[in-house]
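Novice: Data: protein.txt, compact mmCIF, C-alpha atoms and all ligand atoms.
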```
# COMPACT_ATOMS: atom_id res chain seq x y z
CA MET A 17 88.82 21.26 39.29
CA ILE A 18 85.58 20.61 37.37
CA ASP A 19 85.93 17.52 35.15
CA LEU A 20 84.05 17.06 31.89
CA GLN A 21 81.27 14.95 33.47
CA ALA A 22 80.68 17.49 36.26
CA GLY A 23 80.54 20.17 33.60
CA ASN A 24 77.77 18.23 31.83
CA PHE A 25 75.85 17.82 35.07
CA LEU A 26 76.05 21.51 35.91
CA GLN A 27 75.03 22.44 32.36
CA SER A 28 71.88 20.29 32.42
CA SER A 29 68.62 22.25 32.36
CA VAL A 30 66.94 23.50 35.52
CA GLY A 31 63.67 22.15 34.05
CA ASN A 32 64.85 18.57 34.69
CA PHE A 33 64.96 19.18 38.44
CA ILE A 34 61.93 21.32 39.27
CA ILE A 35 58.94 20.34 41.41
CA PRO A 36 56.09 20.98 38.92
CA SER A 37 53.56 23.75 39.64
CA GLU A 38 50.70 21.33 40.35
CA ARG A 39 52.66 19.90 43.30
CA VAL A 40 53.65 23.27 44.77
CA ALA A 41 51.53 24.75 47.59
CA HIS A 42 50.66 28.37 46.79
CA VAL A 43 48.26 31.21 47.59
CA GLN A 44 46.47 33.55 45.21
CA ILE A 45 46.39 37.32 44.87
CA GLY A 46 43.35 38.47 46.88
CA ASN A 47 43.77 35.85 49.63
CA ASN A 48 44.04 37.40 53.07
CA LEU A 49 46.86 36.76 55.54
CA GLU A 50 44.68 34.43 57.60
CA HIS A 51 44.27 32.11 54.61
CA ALA A 52 48.01 32.29 53.82
CA LEU A 53 48.93 31.46 57.42
CA LEU A 54 46.56 28.48 57.31
CA VAL A 55 48.16 27.15 54.10
CA LEU A 56 51.69 27.68 55.46
CA THR A 57 50.84 25.98 58.76
CA LYS A 58 48.99 23.04 57.22
CA THR A 59 51.68 22.34 54.59
CA GLY A 60 54.57 22.93 56.99
CA TYR A 61 56.43 25.22 54.57
CA THR A 62 57.99 28.52 55.68
CA ALA A 63 57.46 30.33 52.37
CA ILE A 64 55.32 29.68 49.28
CA PRO A 65 54.65 31.45 45.94
CA VAL A 66 51.86 33.99 45.37
CA LEU A 67 50.15 33.45 41.99
CA ASP A 68 47.22 35.04 40.19
CA ALA A 69 44.26 33.18 38.71
CA LYS A 70 46.22 32.69 35.46
CA TYR A 71 49.17 31.16 37.34
CA GLN A 72 51.44 34.16 36.84
CA LEU A 73 54.01 34.62 39.62
CA HIS A 74 53.78 37.79 41.75
CA GLY A 75 55.96 37.13 44.80
CA LEU A 76 56.50 35.00 47.89
CA ILE A 77 54.66 34.96 51.19
CA SER A 78 56.21 33.57 54.38
CA SER A 79 55.27 33.11 58.02
CA PRO A 80 57.93 35.62 59.23
CA LEU A 81 56.48 38.24 56.83
CA ILE A 82 52.95 37.61 58.13
CA LEU A 83 54.05 37.75 61.77
CA ASP A 84 55.96 40.97 61.13
CA ASN A 85 52.77 42.54 59.72
CA ILE A 86 50.57 41.68 62.69
CA MET A 87 53.06 42.76 65.37
CA GLY A 88 51.96 46.10 66.82
CA MET A 89 53.98 48.15 69.31
CA GLU A 90 52.03 46.84 72.29
CA ARG A 91 49.98 43.87 71.11
CA ILE A 92 49.51 41.39 68.30
CA GLU A 93 47.05 42.96 65.87
CA PHE A 94 45.12 39.82 64.93
CA GLU A 95 42.61 41.92 62.97
CA ASN A 96 45.33 42.49 60.32
CA LEU A 97 45.08 38.81 59.40
CA SER A 98 41.69 39.43 57.79
CA LYS A 99 42.34 43.07 56.81
CA LEU A 100 45.56 42.59 54.82
CA CYS A 101 45.94 40.62 51.59
CA VAL A 102 49.02 38.64 50.52
CA GLU A 103 49.86 41.25 47.87
CA ASP A 104 50.08 43.93 50.60
CA VAL A 105 52.99 42.22 52.33
CA MET A 106 54.54 39.67 49.91
CA ASN A 107 58.17 39.84 48.85
CA GLN A 108 58.38 40.87 45.20
CA GLU A 109 62.17 41.09 45.06
CA ILE A 110 62.76 37.48 44.15
CA PRO A 111 65.06 35.79 41.68
CA THR A 112 63.53 33.52 39.04
CA LEU A 113 64.87 30.90 36.66
CA HIS A 114 63.77 29.60 33.26
CA ALA A 115 63.43 25.88 32.54
CA ASN A 116 66.31 25.95 30.04
CA ASP A 117 68.75 27.79 32.34
CA PRO A 118 71.76 25.65 33.33
CA LEU A 119 71.67 24.02 36.76
CA VAL A 120 74.83 25.91 37.73
CA ASP A 121 72.76 29.16 37.74
CA GLY A 122 70.21 27.55 40.05
CA LEU A 123 72.95 26.27 42.35
CA LYS A 124 74.30 29.80 42.77
CA LEU A 125 70.85 31.21 43.67
CA LEU A 126 70.18 28.38 46.14
CA ILE A 127 73.08 29.60 48.32
CA ASN A 128 70.88 32.45 49.58
CA HIS A 129 67.37 31.15 48.81
CA PRO A 130 65.86 27.83 50.02
CA PHE A 131 64.00 27.58 46.70
CA VAL A 132 63.79 29.48 43.41
CA CYS A 133 60.66 29.84 41.27
CA THR A 134 60.82 28.86 37.61
CA VAL A 135 58.72 30.84 35.14
CA ASP A 136 58.28 30.97 31.37
CA GLU A 137 58.84 34.04 29.20
CA ASN A 138 55.36 35.40 30.17
CA LYS A 139 56.00 34.96 33.91
CA TYR A 140 53.73 31.90 34.07
CA PHE A 141 54.75 29.79 37.04
CA LYS A 142 56.24 26.40 36.07
CA GLY A 143 57.50 25.10 39.43
CA ILE A 144 60.27 25.44 42.00
CA LEU A 145 63.90 24.40 42.22
CA THR A 146 64.62 23.45 45.87
CA ARG A 147 67.85 22.98 47.80
CA ARG A 148 66.75 19.45 48.71
CA VAL A 149 66.34 18.26 45.11
CA VAL A 150 69.63 19.81 43.96
CA LEU A 151 71.59 18.49 46.97
CA LYS A 152 70.08 15.04 46.42
CA GLN A 153 71.17 15.03 42.76
CA LEU A 154 74.61 16.42 43.62
CA ASN A 155 75.02 13.78 46.33
CA ALA A 156 74.02 10.96 43.94
CA TYR A 157 76.58 12.31 41.48
CA ILE A 158 79.44 12.84 43.96
CA GLN A 159 79.17 9.70 46.17
CA PRO A 160 80.28 7.16 43.52
CA MET A 161 83.24 9.39 42.53
CA TYR A 162 84.31 9.76 46.17
CA TYR A 163 84.20 6.03 46.93
CA LYS A 164 85.85 5.14 43.61
CA GLU A 165 88.79 7.39 44.51
CA LYS A 166 89.07 5.75 47.97
CA ASP A 167 89.18 2.19 46.52
P1 LIG B 201 61.09 25.34 54.25
O1 LIG B 201 59.60 25.29 54.39
O2 LIG B 201 61.80 26.26 55.20
O3 LIG B 201 61.64 23.88 54.43
C1 LIG B 201 63.02 23.62 54.65
C2 LIG B 201 63.30 22.18 54.42
O4 LIG B 201 62.56 21.39 55.36
C3 LIG B 201 62.79 21.70 53.06
O5 LIG B 201 63.80 21.93 52.13
C4 LIG B 201 62.54 20.21 53.29
O6 LIG B 201 63.75 19.51 53.26
C5 LIG B 201 62.03 20.21 54.72
N1 LIG B 201 60.54 20.31 54.72
C6 LIG B 201 59.84 21.35 55.17
N2 LIG B 201 58.50 21.11 55.06
C7 LIG B 201 58.37 19.87 54.51
C8 LIG B 201 57.23 19.07 54.12
N3 LIG B 201 55.95 19.47 54.31
N4 LIG B 201 57.48 17.86 53.57
C9 LIG B 201 58.76 17.46 53.39
N5 LIG B 201 59.87 18.18 53.72
C10 LIG B 201 59.68 19.37 54.29
P2 LIG B 201 63.49 21.90 50.55
O7 LIG B 201 62.73 20.69 50.18
O8 LIG B 201 64.80 22.16 49.88
O9 LIG B 201 62.54 23.15 50.31
C11 LIG B 201 63.02 24.47 50.36
C12 LIG B 201 61.87 25.42 50.45
O10 LIG B 201 61.06 25.30 49.30
C13 LIG B 201 60.95 25.15 51.64
O11 LIG B 201 61.50 25.78 52.79
C14 LIG B 201 59.64 25.74 51.16
O12 LIG B 201 59.62 27.15 51.38
C15 LIG B 201 59.69 25.52 49.62
N6 LIG B 201 58.96 24.31 49.18
C16 LIG B 201 59.46 23.06 49.02
N7 LIG B 201 58.55 22.21 48.53
C17 LIG B 201 57.41 22.93 48.38
C18 LIG B 201 56.06 22.61 47.89
N8 LIG B 201 55.71 21.38 47.48
N9 LIG B 201 55.15 23.62 47.91
C19 LIG B 201 55.48 24.88 48.32
N10 LIG B 201 56.72 25.23 48.75
C20 LIG B 201 57.67 24.28 48.80
```
Go through the file and emit its structure as structure tokens.

Specialist:
Amino acid sequence: MIDLQAGNFLQSSVGNFIIPSERVAHVQIGNNLEHALLVLTKTGYTAIPVLDAKYQLHGLISSPLILDNIMGMERIEFENLSKLCVEDVMNQEIPTLHANDPLVDGLKLLINHPFVCTVDENKYFKGILTRRVVLKQLNAYIQPMYYKEKD
């Protein structure tokens, strides 16, 4: 059963937990797949947002998506890395959150997505809500309750 305190925690705004846009690795519309693969490899992330010059969110690019688009029937088509742009292959079917949405909405989306982009009403990218940050907060919240009950 959700107690009153847990209810408050889950109702707190997503905006309190996001990694701000300036700390999120991203690529821009117009970048080719070679550039995206470089950014993904150097940062170590599997998927990152695709933004335009005004910081509006357009989709997500990931290493599996890039690999899928260079795999030919008989060979790896390396030339596609420079031929194709991120907007040709990015995933546009992505959920988004707003900074004032309750954390409980973010928690639900994080079941199927490792991170969820947060945007404002004009689709300007504000940051990401990650599983790590939410699990860390949830853990900090739950641990004292668990050990208090055991005492
Ligand atoms: P993944 O890249 O698949 O990373 C899965 C988890 O591995 C991350 O979970 C994190 O715990 C760890 N990890 C991966 N690369 C890391 C790195 N360079 N430094 C520290 N830890 C790293 P979360 O932190 O929950 O992130 C979930 C997803 O959010 C990541 O999935 C990535 O796609 C994205 N992400 C997280 N932080 C990002 C950032 N600063 N810029 C761009 N994308 C980010």

Novice: May I have the residues within 9 Å of range 70-77 of chain A as a list in words, using all atoms listed in the file and disregarding those fewer than 6 positions away in the same chain?

Specialist: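 Final neighbour list, sorted by chain and number: Ser37, His42, Val43, Gln44, Ile45, Ala52, Leu56, Thr62, Ala63, Ile64, Val102, Glu103, Val105, Met106, Asn107, Gln108, Glu109, Ile110, Cys133, Val135, Asn138, Lys139, Tyr140, Phe141 and Lys142 of chain A.
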
Novice: Store the residues picked out above in a file with C-alpha atoms, as a CSV table (one decimal), in the frame of the given file.

Specialist:
```
chain,number,residue,atom,x,y,z
A,37,SER,CA,53.6,23.8,39.6
A,42,HIS,CA,50.7,28.4,46.8
A,43,VAL,CA,48.3,31.2,47.6
A,44,GLN,CA,46.5,33.6,45.2
A,45,ILE,CA,46.4,37.3,44.9
A,52,ALA,CA,48.0,32.3,53.8
A,56,LEU,CA,51.7,27.7,55.5
A,62,THR,CA,58.0,28.5,55.7
A,63,ALA,CA,57.5,30.3,52.4
A,64,ILE,CA,55.3,29.7,49.3
A,102,VAL,CA,49.0,38.6,50.5
A,103,GLU,CA,49.9,41.2,47.9
A,105,VAL,CA,53.0,42.2,52.3
A,106,MET,CA,54.5,39.7,49.9
A,107,ASN,CA,58.2,39.8,48.8
A,108,GLN,CA,58.4,40.9,45.2
A,109,GLU,CA,62.2,41.1,45.1
A,110,ILE,CA,62.8,37.5,44.2
A,133,CYS,CA,60.7,29.8,41.3
A,135,VAL,CA,58.7,30.8,35.1
A,138,ASN,CA,55.4,35.4,30.2
A,139,LYS,CA,56.0,35.0,33.9
A,140,TYR,CA,53.7,31.9,34.1
A,141,PHE,CA,54.8,29.8,37.0
A,142,LYS,CA,56.2,26.4,36.1
```

Novice: Do you know which residues are within 10 Å of ligand LIG 201 (chain B) using only C-alpha atoms and all ligand atoms? Can you write them as a PyMOL selection string?

Specialist: chain A and resi 34-43+55-65+76-79+126+129-133+143-152

Novice: In Å, with one decimal, what is the gap from CA of Val120 in chain A to CA of Leu26 in chain A?

Specialist: 4.9 Å

Novice: Which residue is closest to Gly46 in chain A? Choose from A:Ser98, A:Asn155, A:Asn116, A:Thr134 and count all atoms listed in the file.

Specialist: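 So, comparing all the options, the nearest one is A:Ser98.
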
Novice: Find the distance between CA of Ile82 in chain A and CA of Gly122 in chain A and write it in Å to one decimal.

Specialist: 26.9 Å

Novice: By how many Å are CA of Ile127 in chain A and CA of His114 in chain A apart?

Specialist: 17.7 Å

Novice: Go through A:Asp167, A:Ala69, A:Pro160, A:Glu93 and flag the residue nearest Asn47 in chain A, using all atoms listed in the file for the distances.

Specialist: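 Smallest separation from Asn47 in chain A among the options: A:Ala69.
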
Novice: List the spatial neighbours of Asp121 in chain A as a list of chain:residue names - criterion: any atom at most 10 Å away, all atoms listed in the file, same-chain residues fewer than 2 positions off excluded.

Specialist: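 Here the qualifying residues turn out to be A:Leu26, A:Gln27, A:Ser29, A:Val30, A:Leu113, A:Asp117, A:Pro118, A:Leu119, A:Leu123, A:Lys124, A:Leu125, A:Leu126.
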
Novice: Of the candidates A:Leu154, A:Asn48, A:Leu54, A:Ser28, which one gets nearest to Leu100 in chain A if we count only C-alpha atoms?

Specialist: A:Asn48

Novice: Would you mind completing range 115-129 of chain A to N, CA and C atoms and writing the output as a short mmCIF file (atom, residue, chain, number, x, y, z; two decimals), in the frame of the given file?

Specialist:
```
data_model
loop_
_atom_site.label_atom_id
_atom_site.label_comp_id
_atom_site.auth_asym_id
_atom_site.auth_seq_id
_atom_site.Cartn_x
_atom_site.Cartn_y
_atom_site.Cartn_z
N ALA A 115 63.22 27.33 32.61
CA ALA A 115 63.43 25.88 32.54
C ALA A 115 64.72 25.51 31.79
N ASN A 116 65.10 26.32 30.80
CA ASN A 116 66.31 25.95 30.04
C ASN A 116 67.60 26.58 30.58
N ASP A 117 67.52 27.28 31.72
CA ASP A 117 68.75 27.79 32.34
C ASP A 117 69.59 26.61 32.83
N PRO A 118 70.93 26.76 32.83
CA PRO A 118 71.76 25.65 33.33
C PRO A 118 71.66 25.52 34.85
N LEU A 119 71.78 24.29 35.33
CA LEU A 119 71.67 24.02 36.76
C LEU A 119 72.66 24.85 37.58
N VAL A 120 73.81 25.15 37.00
CA VAL A 120 74.83 25.91 37.73
C VAL A 120 74.30 27.29 38.14
N ASP A 121 73.38 27.87 37.37
CA ASP A 121 72.76 29.16 37.74
C ASP A 121 71.84 28.97 38.94
N GLY A 122 71.10 27.84 38.93
CA GLY A 122 70.21 27.55 40.05
C GLY A 122 71.00 27.31 41.33
N LEU A 123 72.10 26.59 41.20
CA LEU A 123 72.95 26.27 42.35
C LEU A 123 73.42 27.55 43.03
N LYS A 124 73.81 28.52 42.24
CA LYS A 124 74.30 29.80 42.77
C LYS A 124 73.19 30.51 43.56
N LEU A 125 71.97 30.53 43.00
CA LEU A 125 70.85 31.21 43.67
C LEU A 125 70.44 30.50 44.96
N LEU A 126 70.61 29.16 44.97
CA LEU A 126 70.18 28.38 46.14
C LEU A 126 71.10 28.58 47.35
N ILE A 127 72.22 29.29 47.17
CA ILE A 127 73.08 29.60 48.32
C ILE A 127 72.30 30.51 49.28
N ASN A 128 71.59 31.47 48.73
CA ASN A 128 70.88 32.45 49.58
C ASN A 128 69.37 32.27 49.64
N HIS A 129 68.83 31.35 48.82
CA HIS A 129 67.37 31.15 48.81
C HIS A 129 67.09 29.65 48.95
#
```
